[in-house]
Number of protein chains: 2
Amino acid sequence: MNHMVKHSAHLDAVFHALSDPTRRAMLGQLAERECTIGELATPFSMSFAGASKHVRVLERAGLLSRKIRGRIHQCRLQAERLAEAQEWMKRYERFWNVKLDALESLLREEDKQKEKKAKE
Amino acid sequence: MNHMVKHSAHLDAVFHALSDPTRRAMLGQLAERECTIGELATPFSMSFAGASKHVRVLERAGLLSRKIRGRIHQCRLQAERLAEAQEWMKRYERFWNVKLDALESLLREEDKQKEKKAKE
DNA sequence: AGAATGTTTAACCATATGGTTCAATATAAC
DNA sequence: GTTATATTGAACCATATGGTTAAACATTCT
């Protein structure tokens, strides 16, 4: 847990970015290949300006980076912030992994061991 | 993947709910114990009405359920939707788990072994 | 140079958001 | 029954959001 930073500000932006279905779909597209703004815009029958705004939201959330090549803006997925978000969620895993309260402490013990092994 | 449902509508609400730091903190509180609206409001020096709104957002996202006992509304964490959100994110895991494409399969193999050990 | 292409900016619109205050409701306590 | 407590609802405010169109900018093509 040494590498953890102050996630909170990031998390605001990341979760907000993920709360829109268009932006989630854009990320899905970017998971397959790098895309230009135009390529991101057309599947949603949305204006370029509209898509541009969504891309900026994703970019500010750190979920996307762009490489400007001439007039073309090539976008690629940037997933580290997703990892931070998932890490935040891990705190709540026991609430859906654990069906019986009686097993709770046992499973927490297992989690600790998992962490230990991951560090090795 | 048989149990998967149409997540999209849920995800909008869940990620939106998570995008606010006050609400995330409320979930953190609820992870420790059930809370009344008042108990959720006081740590943030926020009006009861304000807290009530946040709680409703969490409730509509399915992250919280309330049991009304007299005048007191007892809230408890409801984590299934968080699980759905995390499942959505899993699609992107390979983008942060794998630093070098060449190592991708190797590292996935390691992950599998880690899981095995955790189950032992 | 001039036209076409890819993207952003600016202005605008309707609605949502996060917050407040004050009144209303419902229950509990005296 | 009156008062205190817990919560919601309504009205309001400032700002953000998701979208548009039209103009501006930058680059490429001819």
# chains A, B, ... in the order shown; residues from 1 in each chain; ligands from 1

$ residues_around --residues "Arg23 of chain A" --least-positions-apart "4" --cutoff "12 Å" --atoms "only C-alpha atoms (C1' of nucleotides)" --output "JSON, numbers by chain"
{"A": [14, 15, 16, 17, 18, 19, 27, 28, 29, 30, 40, 41, 43, 44, 50, 51, 52, 53, 54, 55, 56, 57, 58, 59, 61, 63, 64, 77], "B": [8, 11, 12, 15], "D": [18]}

$ write_last_selection --atoms "C-alpha atoms (C1' of nucleotides)" --output "CSV table (one decimal), in the first residue's frame"
chain,number,residue,atom,x,y,z
A,14,VAL,CA,-13.0,9.3,-12.8
A,15,PHE,CA,-16.4,8.2,-11.4
A,16,HIS,CA,-18.0,11.3,-12.9
A,17,ALA,CA,-16.5,10.4,-16.3
A,18,LEU,CA,-17.8,6.9,-16.0
A,19,SER,CA,-21.3,7.9,-15.1
A,27,LEU,CA,-13.8,3.8,-23.5
A,28,GLY,CA,-15.0,0.5,-24.8
A,29,GLN,CA,-14.1,1.6,-28.3
A,30,LEU,CA,-10.7,2.7,-27.1
A,40,LEU,CA,-15.4,8.4,-31.4
A,41,ALA,CA,-18.1,10.7,-32.4
A,43,PRO,CA,-21.1,5.8,-33.5
A,44,PHE,CA,-23.3,8.1,-31.4
A,50,GLY,CA,-20.3,17.1,-28.4
A,51,ALA,CA,-17.8,14.2,-28.7
A,52,SER,CA,-15.0,16.7,-28.2
A,53,LYS,CA,-16.5,17.6,-24.8
A,54,HIS,CA,-16.9,14.0,-23.8
A,55,VAL,CA,-13.3,13.3,-24.7
A,56,ARG,CA,-12.1,16.3,-22.7
A,57,VAL,CA,-14.0,14.9,-19.7
A,58,LEU,CA,-12.3,11.6,-20.1
A,59,GLU,CA,-9.0,13.3,-20.6
A,61,ALA,CA,-10.2,12.3,-15.5
A,63,LEU,CA,-8.7,8.0,-18.6
A,64,LEU,CA,-7.6,9.0,-22.0
A,77,LEU,CA,-7.1,4.5,-23.3
B,8,SER,CA,-25.9,0.1,-18.2
B,11,LEU,CA,-24.0,1.9,-14.0
B,12,ASP,CA,-25.1,5.4,-14.8
B,15,PHE,CA,-20.9,5.8,-11.0
D,18,DG,C1',-25.0,17.3,-22.0

$ interface_residues --of "chain C" --to "chain A" --cutoff "12 Å" --atoms "only C-alpha atoms (C1' of nucleotides)" --output "PyMOL selection string"
chain C and resi 5-10

$ write_last_selection --atoms "N, CA, C and O atoms (P, O5', C5', C4', C3', O3' and C1' of nucleotides)" --output "PDB file, in the first residue's frame"
ATOM      1  P    DT C   5     -13.797  16.896 -47.690  1.00  0.00           P
ATOM      2  O5'  DT C   5     -12.888  16.823 -46.382  1.00  0.00           O
ATOM      3  C5'  DT C   5     -11.554  16.335 -46.496  1.00  0.00           C
ATOM      4  C4'  DT C   5     -10.891  16.350 -45.126  1.00  0.00           C
ATOM      5  C3'  DT C   5     -11.788  15.836 -44.000  1.00  0.00           C
ATOM      6  O3'  DT C   5     -11.034  14.882 -43.264  1.00  0.00           O
ATOM      7  C1'  DT C   5     -10.895  17.953 -43.440  1.00  0.00           C
ATOM      8  P    DG C   6     -11.650  14.044 -42.057  1.00  0.00           P
ATOM      9  O5'  DG C   6     -11.088  14.850 -40.809  1.00  0.00           O
ATOM     10  C5'  DG C   6      -9.700  14.789 -40.508  1.00  0.00           C
ATOM     11  C4'  DG C   6      -9.451  15.476 -39.185  1.00  0.00           C
ATOM     12  C3'  DG C   6     -10.394  15.040 -38.059  1.00  0.00           C
ATOM     13  O3'  DG C   6      -9.603  14.822 -36.892  1.00  0.00           O
ATOM     14  C1'  DG C   6     -10.493  17.388 -38.313  1.00  0.00           C
ATOM     15  P    DT C   7     -10.256  14.259 -35.540  1.00  0.00           P
ATOM     16  O5'  DT C   7     -10.466  15.609 -34.737  1.00  0.00           O
ATOM     17  C5'  DT C   7      -9.307  16.407 -34.442  1.00  0.00           C
ATOM     18  C4'  DT C   7      -9.674  17.741 -33.863  1.00  0.00           C
ATOM     19  C3'  DT C   7     -10.630  17.718 -32.667  1.00  0.00           C
ATOM     20  O3'  DT C   7      -9.880  17.968 -31.487  1.00  0.00           O
ATOM     21  C1'  DT C   7     -11.033  19.558 -34.137  1.00  0.00           C
ATOM     22  P    DT C   8     -10.602  18.300 -30.093  1.00  0.00           P
ATOM     23  O5'  DT C   8     -10.767  19.893 -30.177  1.00  0.00           O
ATOM     24  C5'  DT C   8      -9.605  20.678 -30.363  1.00  0.00           C
ATOM     25  C4'  DT C   8      -9.947  22.155 -30.285  1.00  0.00           C
ATOM     26  C3'  DT C   8     -10.619  22.580 -28.970  1.00  0.00           C
ATOM     27  O3'  DT C   8      -9.955  23.757 -28.522  1.00  0.00           O
ATOM     28  C1'  DT C   8     -11.937  23.265 -30.811  1.00  0.00           C
ATOM     29  P    DT C   9     -10.345  24.407 -27.089  1.00  0.00           P
ATOM     30  O5'  DT C   9     -11.283  25.645 -27.476  1.00  0.00           O
ATOM     31  C5'  DT C   9     -10.868  26.533 -28.505  1.00  0.00           C
ATOM     32  C4'  DT C   9     -11.912  27.613 -28.698  1.00  0.00           C
ATOM     33  C3'  DT C   9     -12.611  28.068 -27.418  1.00  0.00           C
ATOM     34  O3'  DT C   9     -12.537  29.486 -27.392  1.00  0.00           O
ATOM     35  C1'  DT C   9     -14.200  27.477 -29.081  1.00  0.00           C
ATOM     36  P    DA C  10     -13.123  30.335 -26.155  1.00  0.00           P
ATOM     37  O5'  DA C  10     -14.549  30.797 -26.707  1.00  0.00           O
ATOM     38  C5'  DA C  10     -14.658  31.264 -28.043  1.00  0.00           C
ATOM     39  C4'  DA C  10     -16.089  31.684 -28.307  1.00  0.00           C
ATOM     40  C3'  DA C  10     -16.853  32.146 -27.073  1.00  0.00           C
ATOM     41  O3'  DA C  10     -17.680  33.236 -27.438  1.00  0.00           O
ATOM     42  C1'  DA C  10     -17.983  30.326 -28.051  1.00  0.00           C
TER      43       DA C  10
END

$ closest_atom_pairs --of "chain D" --to "chain B" --cutoff "10 Å" --atoms "only C-alpha atoms (C1' of nucleotides)" --output "tab-separated table"
residue	atom	partner	partner_atom	distance
D:DT5	C1'	B:Arg71	CA	8.3
D:DA6	C1'	B:Arg71	CA	5.4
D:DT7	C1'	B:Arg71	CA	7.1
D:DT8	C1'	B:Ala49	CA	7.4
D:DG9	C1'	B:Ala49	CA	9.1

$ write_last_selection --atoms "N, CA, C and O atoms (P, O5', C5', C4', C3', O3' and C1' of nucleotides)" --output "PDB file, in the first residue's frame"
ATOM      1  P    DT D   5     -34.500  17.607  21.765  1.00  0.00           P
ATOM      2  O5'  DT D   5     -34.796  16.495  20.662  1.00  0.00           O
ATOM      3  C5'  DT D   5     -35.177  15.191  21.073  1.00  0.00           C
ATOM      4  C4'  DT D   5     -35.347  14.300  19.860  1.00  0.00           C
ATOM      5  C3'  DT D   5     -34.266  14.468  18.785  1.00  0.00           C
ATOM      6  O3'  DT D   5     -33.834  13.166  18.435  1.00  0.00           O
ATOM      7  C1'  DT D   5     -36.405  14.676  17.824  1.00  0.00           C
ATOM      8  P    DA D   6     -32.708  12.937  17.339  1.00  0.00           P
ATOM      9  O5'  DA D   6     -33.603  12.576  16.080  1.00  0.00           O
ATOM     10  C5'  DA D   6     -34.243  11.310  16.012  1.00  0.00           C
ATOM     11  C4'  DA D   6     -34.747  11.089  14.597  1.00  0.00           C
ATOM     12  C3'  DA D   6     -33.709  11.344  13.508  1.00  0.00           C
ATOM     13  O3'  DA D   6     -33.760  10.259  12.596  1.00  0.00           O
ATOM     14  C1'  DA D   6     -35.659  12.640  13.109  1.00  0.00           C
ATOM     15  P    DT D   7     -32.720  10.191  11.362  1.00  0.00           P
ATOM     16  O5'  DT D   7     -33.596  10.838  10.191  1.00  0.00           O
ATOM     17  C5'  DT D   7     -34.815  10.195   9.826  1.00  0.00           C
ATOM     18  C4'  DT D   7     -35.664  11.075   8.932  1.00  0.00           C
ATOM     19  C3'  DT D   7     -34.999  11.544   7.650  1.00  0.00           C
ATOM     20  O3'  DT D   7     -35.427  10.701   6.601  1.00  0.00           O
ATOM     21  C1'  DT D   7     -36.493  13.154   8.596  1.00  0.00           C
ATOM     22  P    DT D   8     -35.099  11.074   5.070  1.00  0.00           P
ATOM     23  O5'  DT D   8     -36.320  12.013   4.681  1.00  0.00           O
ATOM     24  C5'  DT D   8     -37.638  11.485   4.739  1.00  0.00           C
ATOM     25  C4'  DT D   8     -38.629  12.542   4.297  1.00  0.00           C
ATOM     26  C3'  DT D   8     -38.467  13.010   2.849  1.00  0.00           C
ATOM     27  O3'  DT D   8     -39.733  12.895   2.220  1.00  0.00           O
ATOM     28  C1'  DT D   8     -38.551  14.867   4.314  1.00  0.00           C
ATOM     29  P    DG D   9     -39.906  13.243   0.697  1.00  0.00           P
ATOM     30  O5'  DG D   9     -40.350  14.782   0.701  1.00  0.00           O
ATOM     31  C5'  DG D   9     -41.482  15.160   1.454  1.00  0.00           C
ATOM     32  C4'  DG D   9     -41.878  16.583   1.104  1.00  0.00           C
ATOM     33  C3'  DG D   9     -41.632  16.985  -0.346  1.00  0.00           C
ATOM     34  O3'  DG D   9     -42.723  17.789  -0.769  1.00  0.00           O
ATOM     35  C1'  DG D   9     -40.398  18.407   1.090  1.00  0.00           C
TER      36       DG D   9
END

$ interface_residues --of "chain A" --to "chain B" --cutoff "9 Å" --atoms "only C-alpha atoms" --output "short mmCIF file (atom, residue, chain, number, x, y, z; two decimals) with N, CA, C and O atoms, in the first residue's frame"
data_model
loop_
_atom_site.label_atom_id
_atom_site.label_comp_id
_atom_site.auth_asym_id
_atom_site.auth_seq_id
_atom_site.Cartn_x
_atom_site.Cartn_y
_atom_site.Cartn_z
N SER A 8 -8.70 10.80 -3.74
CA SER A 8 -10.02 11.39 -3.66
C SER A 8 -10.35 12.32 -4.84
O SER A 8 -11.40 12.19 -5.46
N ALA A 9 -9.42 13.23 -5.14
CA ALA A 9 -9.70 14.17 -6.23
C ALA A 9 -9.82 13.43 -7.55
O ALA A 9 -10.73 13.69 -8.34
N LEU A 11 -10.74 10.36 -7.94
CA LEU A 11 -11.94 9.54 -7.95
C LEU A 11 -13.17 10.33 -8.35
O LEU A 11 -14.02 9.84 -9.09
N ASP A 12 -13.26 11.57 -7.85
CA ASP A 12 -14.38 12.42 -8.27
C ASP A 12 -14.46 12.44 -9.78
O ASP A 12 -15.51 12.17 -10.37
N ALA A 13 -13.35 12.77 -10.41
CA ALA A 13 -13.34 12.93 -11.86
C ALA A 13 -13.56 11.61 -12.59
O ALA A 13 -14.29 11.55 -13.58
N VAL A 14 -12.93 10.56 -12.09
CA VAL A 14 -13.04 9.27 -12.76
C VAL A 14 -14.48 8.76 -12.70
O VAL A 14 -15.07 8.40 -13.72
N PHE A 15 -15.05 8.76 -11.51
CA PHE A 15 -16.41 8.24 -11.39
C PHE A 15 -17.39 9.11 -12.17
O PHE A 15 -18.32 8.61 -12.79
N HIS A 16 -17.16 10.41 -12.13
CA HIS A 16 -18.04 11.27 -12.93
C HIS A 16 -17.93 10.91 -14.41
O HIS A 16 -18.94 10.76 -15.10
N ALA A 17 -16.72 10.76 -14.88
CA ALA A 17 -16.51 10.41 -16.29
C ALA A 17 -17.23 9.11 -16.63
O ALA A 17 -17.82 8.97 -17.71
N LEU A 18 -17.19 8.17 -15.72
CA LEU A 18 -17.78 6.85 -15.99
C LEU A 18 -19.31 6.86 -15.87
O LEU A 18 -19.96 5.91 -16.31
N SER A 19 -19.86 7.92 -15.34
CA SER A 19 -21.31 7.92 -15.08
C SER A 19 -22.12 8.18 -16.34
O SER A 19 -23.34 8.11 -16.30
N ASP A 20 -21.47 8.47 -17.45
CA ASP A 20 -22.20 8.73 -18.69
C ASP A 20 -22.02 7.56 -19.66
O ASP A 20 -20.88 7.15 -19.95
N PRO A 21 -23.13 7.02 -20.18
CA PRO A 21 -23.03 5.84 -21.04
C PRO A 21 -22.27 6.09 -22.34
O PRO A 21 -21.57 5.19 -22.83
N GLY A 28 -14.96 1.81 -24.24
CA GLY A 28 -15.03 0.47 -24.83
C GLY A 28 -14.41 0.44 -26.21
O GLY A 28 -13.66 -0.49 -26.54
N ALA A 31 -10.75 0.58 -25.96
CA ALA A 31 -10.15 -0.67 -25.47
C ALA A 31 -9.74 -1.56 -26.64
O ALA A 31 -8.86 -2.41 -26.51
N LEU A 77 -6.63 4.83 -24.67
CA LEU A 77 -7.08 4.53 -23.31
C LEU A 77 -5.92 4.66 -22.34
O LEU A 77 -4.79 4.28 -22.64
N GLN A 78 -6.23 5.19 -21.18
CA GLN A 78 -5.24 5.35 -20.11
C GLN A 78 -5.89 4.77 -18.87
O GLN A 78 -6.78 5.36 -18.27
N ALA A 79 -5.49 3.59 -18.48
CA ALA A 79 -6.32 2.83 -17.54
C ALA A 79 -5.89 2.92 -16.07
O ALA A 79 -6.59 2.43 -15.20
N GLU A 80 -4.77 3.61 -15.81
CA GLU A 80 -4.28 3.62 -14.42
C GLU A 80 -5.34 4.14 -13.46
O GLU A 80 -5.50 3.62 -12.36
N LEU A 82 -8.47 3.97 -13.74
CA LEU A 82 -9.47 2.93 -13.53
C LEU A 82 -9.00 1.97 -12.44
O LEU A 82 -9.78 1.51 -11.61
N ALA A 83 -7.70 1.71 -12.46
CA ALA A 83 -7.15 0.83 -11.43
C ALA A 83 -7.34 1.46 -10.05
O ALA A 83 -7.71 0.77 -9.09
N ALA A 85 -9.68 3.49 -9.19
CA ALA A 85 -11.10 3.39 -8.84
C ALA A 85 -11.41 1.98 -8.35
O ALA A 85 -12.11 1.79 -7.35
N GLN A 86 -10.87 0.99 -9.06
CA GLN A 86 -11.15 -0.38 -8.65
C GLN A 86 -10.56 -0.67 -7.28
O GLN A 86 -11.15 -1.36 -6.46
N MET A 89 -12.81 0.50 -4.69
CA MET A 89 -13.95 -0.41 -4.53
C MET A 89 -13.61 -1.66 -3.75
O MET A 89 -14.49 -2.26 -3.13
N LYS A 90 -12.34 -2.03 -3.80
CA LYS A 90 -11.97 -3.28 -3.15
C LYS A 90 -12.33 -3.29 -1.68
O LYS A 90 -12.61 -4.33 -1.10
N ARG A 91 -12.34 -2.10 -1.09
CA ARG A 91 -12.70 -2.00 0.32
C ARG A 91 -14.06 -2.62 0.59
O ARG A 91 -14.32 -3.07 1.71
N TYR A 92 -14.91 -2.65 -0.43
CA TYR A 92 -16.28 -3.10 -0.23
C TYR A 92 -16.51 -4.53 -0.71
O TYR A 92 -17.62 -5.03 -0.65
N GLU A 93 -15.43 -5.14 -1.17
CA GLU A 93 -15.59 -6.47 -1.73
C GLU A 93 -16.20 -7.45 -0.74
O GLU A 93 -17.03 -8.28 -1.11
N ARG A 94 -15.80 -7.33 0.50
CA ARG A 94 -16.29 -8.31 1.46
C ARG A 94 -17.80 -8.27 1.56
O ARG A 94 -18.43 -9.26 1.95
N PHE A 95 -18.41 -7.14 1.20
CA PHE A 95 -19.86 -7.05 1.34
C PHE A 95 -20.60 -7.83 0.26
O PHE A 95 -21.78 -8.09 0.39
N TRP A 96 -19.90 -8.12 -0.83
CA TRP A 96 -20.59 -8.97 -1.79
C TRP A 96 -19.92 -10.35 -1.92
O TRP A 96 -20.54 -11.30 -2.36
N ASN A 97 -18.67 -10.44 -1.50
CA ASN A 97 -18.03 -11.75 -1.52
C ASN A 97 -18.54 -12.63 -0.39
O ASN A 97 -18.65 -13.84 -0.53
N GLU A 110 -7.77 -14.27 5.02
CA GLU A 110 -7.31 -14.68 3.69
C GLU A 110 -6.84 -13.49 2.87
O GLU A 110 -5.84 -13.56 2.17
N ASP A 111 -7.58 -12.39 2.98
CA ASP A 111 -7.19 -11.18 2.23
C ASP A 111 -5.79 -10.74 2.63
O ASP A 111 -4.97 -10.38 1.80
N GLN A 113 -3.40 -12.52 3.75
CA GLN A 113 -2.41 -13.44 3.20
C GLN A 113 -2.22 -13.18 1.71
O GLN A 113 -1.11 -13.24 1.21
N LYS A 114 -3.33 -12.86 1.04
CA LYS A 114 -3.22 -12.56 -0.39
C LYS A 114 -2.28 -11.37 -0.59
O LYS A 114 -1.41 -11.39 -1.44
N LYS A 117 1.37 -12.37 -0.14
CA LYS A 117 1.88 -13.10 -1.29
C LYS A 117 2.10 -12.18 -2.48
O LYS A 117 3.06 -12.34 -3.23
N ALA A 118 1.23 -11.19 -2.63
CA ALA A 118 1.37 -10.29 -3.77
C ALA A 118 2.66 -9.48 -3.65
O ALA A 118 3.26 -9.09 -4.64
#

$ atom_distance --atom1 "atom C1' of DA16 of chain C" --atom2 "atom C1' of DA16 of chain D"
8.0 Å

$ residues_around --residues "DT15 of chain D" --least-positions-apart "4" --cutoff "12 Å" --atoms "only C-alpha atoms (C1' of nucleotides)" --output "list in words"
DA16, DT17, DG18 and DG19 of chain C

$ write_last_selection --atoms "C-alpha atoms (C1' of nucleotides)" --output "PDB file, in the first residue's frame"
ATOM      1  C1'  DA C  16     -29.387  18.374 -13.177  1.00  0.00           C
ATOM      2  C1'  DT C  17     -26.512  19.046  -9.146  1.00  0.00           C
ATOM      3  C1'  DG C  18     -25.126  20.220  -4.481  1.00  0.00           C
ATOM      4  C1'  DG C  19     -26.177  23.108  -1.284  1.00  0.00           C
TER       5       DG C  19
END

$ atom_distance --atom1 "atom CA of Ser47 of chain A" --atom2 "atom CA of Met26 of chain A"
14.3 Å

$ atom_distance --atom1 "atom CA of Met46 of chain B" --atom2 "atom CA of Glu34 of chain B"
19.0 Å
